[in-house]
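J.: Got a structure for you, written out below as structure tokens; questions coming shortly.
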Amino acid sequence: MGGELKPDRKGFETGDTLSLGNRLEWVHERVRSRFEIDTRALAALRIALGLIILVDLLHRARDMRYFYTDDGVYPVALYEATSSLYDGYSLHGLSGELWFQQLLFAVAAAFAIALILGYRTRLVALVSLLLLVSLQVRNPLVLNGADRLLRVLLLVAVLVPLGERWSIDALRRGTARTTVVGFTTAALLVQPIAVLTQNAILKHGGDTWFAGEAIGIALANDVMTIYLGNHLGKYPALLEALNWIWVTLLTGSVVFLLCTTGRLRAVFALAYIGAFLGMLPVMSVGLFPLVLIAAVLPFLTAPFWDSAASLIPSRPLIDRLPTASHLGPIGRPPVERRVLDALLRRGHESITSFAVTYGRSLKTVVGVIFLVWILAFSASHATGMAVPDEMESNLPDEQRWGLYTPDPSQSYSWYAAEAETKDGATFNAFNGEAVVSDRPPDASQEYETFRHRKYMESVRNSAGNEPTEMISGEYANWVCDQLSPYLGDDLETVTIHRFIQQSPVDGEYEEPRQITLVEQRC
């Protein structure tokens with residue numbers, strides 16, 4: 001009956017006579033439950049972030065000399081003249097020597113391992129963030145949106161208790177919360193939703209995503225498609241279905257992830273994780289799939305973790321787990337805990353209470369600031385609203401998420417360095433063959449890694465652009481330096497060419513277009 005009162009699961013009365021206070025409490029509980037995170041999900045996020053940093057370091061290490069030393073294409077002098085990311089402040093920019101970069105890479109890897117293990121988690125995460133930003137600032141020419149998302153996600157994650165579970169810190173404390181909630185967890189959950197929602201809005205400004213055509217166009221970009229992606233073009237109906245699934249996931253992220261709880265939220269989170277995993281064998285987009293997966297891990301709720309735990313033979317595993325007594329010297333309580341305990345023993349309850357309350361209040365304030373930063377600048381970019389001049393900096397740009405917006409590109413490029421000797425002979429500087437404009441069988445193989453592709457895009461963008469023209473000139477100089485030991489004074493010039501291929505229409509390719517970016521005397 002309409003006026004009948006029934007107790008709900010929270011103990012509040014529901015019905016026509018529900019008091020205002022109880023209604024507000026009911027709303028508060030519903031809102032609170034949407035921003036509550038299982039601490040096992042935070043532990044998974046911590047481990048994922050540490051692993052991604054290690055993967056990133058290993059991937060960059062193969063080209064350490066090429067991208068980060070004075071022997072490569074972006075020496076310290078050029079970095080100091082052109083790097084504007086975070087005003088060019090980089091620890092990695094203090095030296096162009098290979099050994100110095102190797103040392104910093106090793107230090108960053110050590111902190112990433114400590115982050116995975118959960119030792120002094122917040123401090124280690126902060127240092128890892130500083131080293132990551134330093135590395136990215138050292139050579140912004142090779143970065144893509146995934147690098148930006150990684151540093152933003154790690155920045156927001158520093159605020160939450162990543163070491164609450166499955167960590168050395170948890171063993172040292174001897175206690176752990178099952179869930180946490182607050183403005184810091186709200187910021188962490190809102191961040192991936194801001195990425196997905198903003199991207200959906202920007203895609204809506206194009207012509208192809210909401211016509212079911214964009215995935216097919218994107219996969220026709222031979223530079224970006226890899227492995228499985230090279231074969232999906234044969235199935236247009238499948239590509240259209242994947243297009244609508246992706247658009248639905250982007251557009252509905254607020255409803256699917258933030259407005260749900262419990263088992264349903266976990267199901268949707270797994271759907272997003274599956275979609276991101278599907279990008280790995282299809283598109284060359286760097287760390288994007290891995291970072292997006294990490295960003296969605298906090299949406300995995302208790303039912304998921306309980307179900308996962310039920311699949312593990314618990315007793316043998318528990319018997320092998322370390323305890324605080326196994327940790328030796330690092331098993332002591334954290335310094336801050338020992339200081340507070342010492343103050344309590346000496347009767348300074350008021351000081352201890354003030355320190356704890358102040359710390360919690362400060363964290364809340366920072367959480368609110370981060371939440372406003374995410375929402376305000378994401379909305380600004382999605383709607384095209386101008387940011388006030390007083391706020392012009394890297395911070396607004398950190399919330400730009402425009403991958404494949406408003407439409408995927410319908411052309412792709414590759415590059416060639418052509419050397420000319422004094423007798424007029426010309427050849428490809430890297431393979432000795434003639435430079436031809438023929439479309440390569442697989443354009444993605446024209447680049448060693450996606451970072452080489454991003455670097456050549458930077459060379460292209462700098463050519464003829466006076467403030468940054470030295471970037472393309474330095475690349476040509478580097479090519480000259482590579483050839484000089486073999487050709488000596490016979491080497492006359494190096495010319496950097498760009499070849500542009502329009503994506504095929506109905507399977508038919510146009511002839512590639514050739515553009516000369518820079519011609520440099522050696």
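Ligands are numbered from 1 in the order shown, residues from 1 within each chain, and chains are lettered A, B, ... in the order they appear in the structure tokens.
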What are the closest atom pairs, with distances in Å to one decimal, for each residue of stretch 185-225 of chain A lying within 12 Å of stretch 294-314 of chain A, using only C-alpha atoms, rows by chain and rising residue number, as JSON lines?
T.:
{"residue": "A:Thr185", "atom": "CA", "partner": "A:Pro298", "partner_atom": "CA", "distance": 8.9}
{"residue": "A:Ala186", "atom": "CA", "partner": "A:Pro298", "partner_atom": "CA", "distance": 10.5}
{"residue": "A:Ala187", "atom": "CA", "partner": "A:Pro298", "partner_atom": "CA", "distance": 11.3}
{"residue": "A:Leu188", "atom": "CA", "partner": "A:Pro298", "partner_atom": "CA", "distance": 8.0}
{"residue": "A:Leu189", "atom": "CA", "partner": "A:Pro298", "partner_atom": "CA", "distance": 7.0}
{"residue": "A:Val190", "atom": "CA", "partner": "A:Ala295", "partner_atom": "CA", "distance": 9.8}
{"residue": "A:Gln191", "atom": "CA", "partner": "A:Ala295", "partner_atom": "CA", "distance": 7.8}
{"residue": "A:Pro192", "atom": "CA", "partner": "A:Ala295", "partner_atom": "CA", "distance": 5.9}
{"residue": "A:Ile193", "atom": "CA", "partner": "A:Val296", "partner_atom": "CA", "distance": 8.9}
{"residue": "A:Ala194", "atom": "CA", "partner": "A:Ala295", "partner_atom": "CA", "distance": 11.1}
{"residue": "A:Val195", "atom": "CA", "partner": "A:Ala295", "partner_atom": "CA", "distance": 10.0}
{"residue": "A:Leu196", "atom": "CA", "partner": "A:Val296", "partner_atom": "CA", "distance": 10.9}
J.: What lies within 8 Å of stretch 453-463 of chain A using only C-alpha atoms, ignoring chain neighbours under 3 positions off, as a list in words?
T.: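 The contact residues come out as Leu141, Val142, Leu143, Asn144, Tyr415, Tyr447, Glu448, Thr449, Phe450, Glu466, Pro467, Thr468, Glu469, Met470, Ile471, Ser472, Gly473, Tyr475, Arg498, Leu517 and Val518 of chain A.
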J.: What does the file look like for those residues with N, CA and C atoms, as a PDB file, in the first residue's frame?
T.:
ATOM      1  N   LEU A 141      59.015  14.554 -27.501  1.00  0.00           N
ATOM      2  CA  LEU A 141      58.737  14.280 -28.913  1.00  0.00           C
ATOM      3  C   LEU A 141      58.255  12.858 -29.147  1.00  0.00           C
ATOM      4  N   VAL A 142      58.450  11.973 -28.174  1.00  0.00           N
ATOM      5  CA  VAL A 142      58.093  10.567 -28.373  1.00  0.00           C
ATOM      6  C   VAL A 142      56.879  10.162 -27.539  1.00  0.00           C
ATOM      7  N   LEU A 143      56.159  11.135 -26.987  1.00  0.00           N
ATOM      8  CA  LEU A 143      55.039  10.835 -26.099  1.00  0.00           C
ATOM      9  C   LEU A 143      53.720  10.797 -26.861  1.00  0.00           C
ATOM     10  N   ASN A 144      52.791   9.984 -26.340  1.00  0.00           N
ATOM     11  CA  ASN A 144      51.419  10.025 -26.832  1.00  0.00           C
ATOM     12  C   ASN A 144      50.464  10.152 -25.646  1.00  0.00           C
ATOM     13  N   TYR A 415      58.509   7.765 -43.757  1.00  0.00           N
ATOM     14  CA  TYR A 415      59.577   8.729 -44.037  1.00  0.00           C
ATOM     15  C   TYR A 415      60.805   8.010 -44.581  1.00  0.00           C
ATOM     16  N   TYR A 447      58.518   1.660 -38.954  1.00  0.00           N
ATOM     17  CA  TYR A 447      58.965   2.233 -37.682  1.00  0.00           C
ATOM     18  C   TYR A 447      59.358   1.095 -36.746  1.00  0.00           C
ATOM     19  N   GLU A 448      60.457   1.282 -36.036  1.00  0.00           N
ATOM     20  CA  GLU A 448      60.890   0.245 -35.097  1.00  0.00           C
ATOM     21  C   GLU A 448      59.894   0.090 -33.961  1.00  0.00           C
ATOM     22  N   THR A 449      59.403   1.213 -33.415  1.00  0.00           N
ATOM     23  CA  THR A 449      58.412   1.188 -32.350  1.00  0.00           C
ATOM     24  C   THR A 449      57.467   2.365 -32.546  1.00  0.00           C
ATOM     25  N   PHE A 450      56.415   2.406 -31.743  1.00  0.00           N
ATOM     26  CA  PHE A 450      55.480   3.525 -31.835  1.00  0.00           C
ATOM     27  C   PHE A 450      56.156   4.832 -31.422  1.00  0.00           C
ATOM     28  N   GLU A 466      59.439  27.870 -37.492  1.00  0.00           N
ATOM     29  CA  GLU A 466      60.642  28.538 -36.980  1.00  0.00           C
ATOM     30  C   GLU A 466      60.953  28.255 -35.510  1.00  0.00           C
ATOM     31  N   PRO A 467      59.970  28.257 -34.590  1.00  0.00           N
ATOM     32  CA  PRO A 467      60.340  28.023 -33.180  1.00  0.00           C
ATOM     33  C   PRO A 467      60.949  26.647 -32.924  1.00  0.00           C
ATOM     34  N   THR A 468      60.538  25.645 -33.704  1.00  0.00           N
ATOM     35  CA  THR A 468      61.009  24.281 -33.442  1.00  0.00           C
ATOM     36  C   THR A 468      61.739  23.665 -34.629  1.00  0.00           C
ATOM     37  N   GLU A 469      62.101  24.469 -35.610  1.00  0.00           N
ATOM     38  CA  GLU A 469      62.706  23.932 -36.831  1.00  0.00           C
ATOM     39  C   GLU A 469      64.012  23.203 -36.551  1.00  0.00           C
ATOM     40  N   MET A 470      64.651  23.549 -35.449  1.00  0.00           N
ATOM     41  CA  MET A 470      65.919  22.896 -35.130  1.00  0.00           C
ATOM     42  C   MET A 470      65.745  21.399 -34.863  1.00  0.00           C
ATOM     43  N   ILE A 471      64.525  20.949 -34.536  1.00  0.00           N
ATOM     44  CA  ILE A 471      64.293  19.525 -34.300  1.00  0.00           C
ATOM     45  C   ILE A 471      64.511  18.738 -35.586  1.00  0.00           C
ATOM     46  N   SER A 472      63.887  19.185 -36.693  1.00  0.00           N
ATOM     47  CA  SER A 472      64.078  18.490 -37.968  1.00  0.00           C
ATOM     48  C   SER A 472      65.515  18.644 -38.462  1.00  0.00           C
ATOM     49  N   GLY A 473      66.115  19.821 -38.221  1.00  0.00           N
ATOM     50  CA  GLY A 473      67.502  20.023 -38.615  1.00  0.00           C
ATOM     51  C   GLY A 473      68.446  19.116 -37.856  1.00  0.00           C
ATOM     52  N   TYR A 475      67.731  16.198 -36.632  1.00  0.00           N
ATOM     53  CA  TYR A 475      67.586  14.828 -37.134  1.00  0.00           C
ATOM     54  C   TYR A 475      68.419  14.640 -38.404  1.00  0.00           C
ATOM     55  N   ARG A 498      58.845  12.872 -46.733  1.00  0.00           N
ATOM     56  CA  ARG A 498      57.629  12.300 -46.149  1.00  0.00           C
ATOM     57  C   ARG A 498      56.755  11.782 -47.294  1.00  0.00           C
ATOM     58  N   LEU A 517      60.730  17.461 -46.465  1.00  0.00           N
ATOM     59  CA  LEU A 517      60.638  18.167 -45.185  1.00  0.00           C
ATOM     60  C   LEU A 517      61.852  19.056 -44.926  1.00  0.00           C
ATOM     61  N   VAL A 518      63.036  18.525 -45.163  1.00  0.00           N
ATOM     62  CA  VAL A 518      64.240  19.289 -44.873  1.00  0.00           C
ATOM     63  C   VAL A 518      65.376  18.777 -45.763  1.00  0.00           C
TER      64      VAL A 518
END
J.: Expressed in Å to a single decimal, how great is the separation between atom CA of A:Glu164 and atom CA of A:Arg360?
T.: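 Taking atom CA of A:Glu164 and atom CA of A:Arg360, their separation equals 15.9 Å.
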J.: From the set A:Asp87, A:Glu420, A:Asp71, A:Asp169, which residue has the shortest atom-to-atom contact distance to A:Leu483, counting only C-alpha atoms?
T.: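 Result for the nearest residue to A:Leu483: A:Glu420.
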J.: Please provide as a compact mmCIF listing (two decimals) with C-alpha atoms, in the first residue's frame all residues within 8 Å of A:Arg151, with the sequence filter that same-chain residues fewer than 6 positions apart are discarded (counting only C-alpha atoms).
T.:
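Dumped to part31.txt:
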# COMPACT_ATOMS: atom_id res chain seq x y z
CA LEU A 129 55.83 9.80 -10.41
CA LEU A 132 58.34 9.25 -14.72
CA VAL A 133 57.62 12.93 -15.35
J.: Check the DSSP output for the backbone and give back, as a PyMOL selection string, the residues of stretch 132-369 of chain A in alpha helix (DSSP H).
T.: chain A and resi 132-138+145-157+168-173+183-204+214-219+229-232+236-251+253+262-279+288-296+302-310+314-320+335-345+349-369
J.: At what distance in Å, to one decimal, does atom CA of A:Glu418 lie from atom CA of A:Thr495?
T.: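 Atom CA of A:Glu418 lies 5.1 Å from atom CA of A:Thr495.
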J.: Taking 6 positions as the minimum chain separation for residues in the same chain, which residues sit within 12 Å of A:Ser413 when counting only C-alpha atoms? Answer as a ChimeraX atom specification.
T.: /A:221-224,437-440,442-447,453-454,456-457,460,497-503,512-515
J.: Under the rule of at most 10 Å, produce a per-residue listing of stretch 392-509 of chain A near stretch 64-70 of chain A: chain, number, name, the closest pair of atoms, and the distance in Å, as a Markdown table, using only C-alpha atoms.
T.:
| residue | atom | partner | partner_atom | distance |
| --- | --- | --- | --- | --- |
| A:Arg451 | CA | A:Phe67 | CA | 9.4 |
| A:His452 | CA | A:Phe67 | CA | 9.2 |
| A:Tyr455 | CA | A:Phe67 | CA | 9.1 |
| A:Trp478 | CA | A:Tyr66 | CA | 9.9 |
J.: Produce a table with one row for each residue of stretch 132-210 of chain A that has an atom at most 12 Å from any atom of stretch 46-55 of chain A, each row naming the nearest atom pair and its distance in Å at one decimal; use only C-alpha atoms; arrange rows by chain and rising residue number; format as JSON lines.
T.:
{"residue": "A:Leu132", "atom": "CA", "partner": "A:Ile53", "partner_atom": "CA", "distance": 8.0}
{"residue": "A:Val133", "atom": "CA", "partner": "A:Ile53", "partner_atom": "CA", "distance": 11.4}
{"residue": "A:Leu135", "atom": "CA", "partner": "A:Ile53", "partner_atom": "CA", "distance": 11.2}
{"residue": "A:Gln136", "atom": "CA", "partner": "A:Ile53", "partner_atom": "CA", "distance": 11.9}
{"residue": "A:Ala146", "atom": "CA", "partner": "A:Ile52", "partner_atom": "CA", "distance": 11.0}
{"residue": "A:Asp147", "atom": "CA", "partner": "A:Ile53", "partner_atom": "CA", "distance": 10.2}
{"residue": "A:Leu149", "atom": "CA", "partner": "A:Leu49", "partner_atom": "CA", "distance": 11.5}
{"residue": "A:Leu150", "atom": "CA", "partner": "A:Leu49", "partner_atom": "CA", "distance": 8.1}
{"residue": "A:Arg151", "atom": "CA", "partner": "A:Leu49", "partner_atom": "CA", "distance": 10.0}
{"residue": "A:Val152", "atom": "CA", "partner": "A:Leu49", "partner_atom": "CA", "distance": 11.6}
{"residue": "A:Leu153", "atom": "CA", "partner": "A:Leu49", "partner_atom": "CA", "distance": 8.8}
{"residue": "A:Leu154", "atom": "CA", "partner": "A:Leu49", "partner_atom": "CA", "distance": 7.3}
{"residue": "A:Leu155", "atom": "CA", "partner": "A:Leu49", "partner_atom": "CA", "distance": 11.1}
{"residue": "A:Val156", "atom": "CA", "partner": "A:Arg46", "partner_atom": "CA", "distance": 11.8}
{"residue": "A:Ala157", "atom": "CA", "partner": "A:Arg46", "partner_atom": "CA", "distance": 8.2}
{"residue": "A:Val158", "atom": "CA", "partner": "A:Arg46", "partner_atom": "CA", "distance": 9.6}
{"residue": "A:Leu159", "atom": "CA", "partner": "A:Arg46", "partner_atom": "CA", "distance": 12.0}
{"residue": "A:Val160", "atom": "CA", "partner": "A:Arg46", "partner_atom": "CA", "distance": 10.2}
{"residue": "A:Pro161", "atom": "CA", "partner": "A:Arg46", "partner_atom": "CA", "distance": 9.4}
{"residue": "A:Leu162", "atom": "CA", "partner": "A:Arg46", "partner_atom": "CA", "distance": 5.7}
{"residue": "A:Gly163", "atom": "CA", "partner": "A:Arg46", "partner_atom": "CA", "distance": 7.6}
{"residue": "A:Glu164", "atom": "CA", "partner": "A:Arg46", "partner_atom": "CA", "distance": 10.1}
{"residue": "A:Arg165", "atom": "CA", "partner": "A:Arg46", "partner_atom": "CA", "distance": 10.0}
{"residue": "A:Trp166", "atom": "CA", "partner": "A:Ile47", "partner_atom": "CA", "distance": 9.4}
{"residue": "A:Ser167", "atom": "CA", "partner": "A:Arg46", "partner_atom": "CA", "distance": 9.6}
J.: Could you state the separation of atom CA of A:Tyr227 and atom CA of A:Ser409 in Å, given to one decimal place?
T.: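 It comes out at 19.6 Å.
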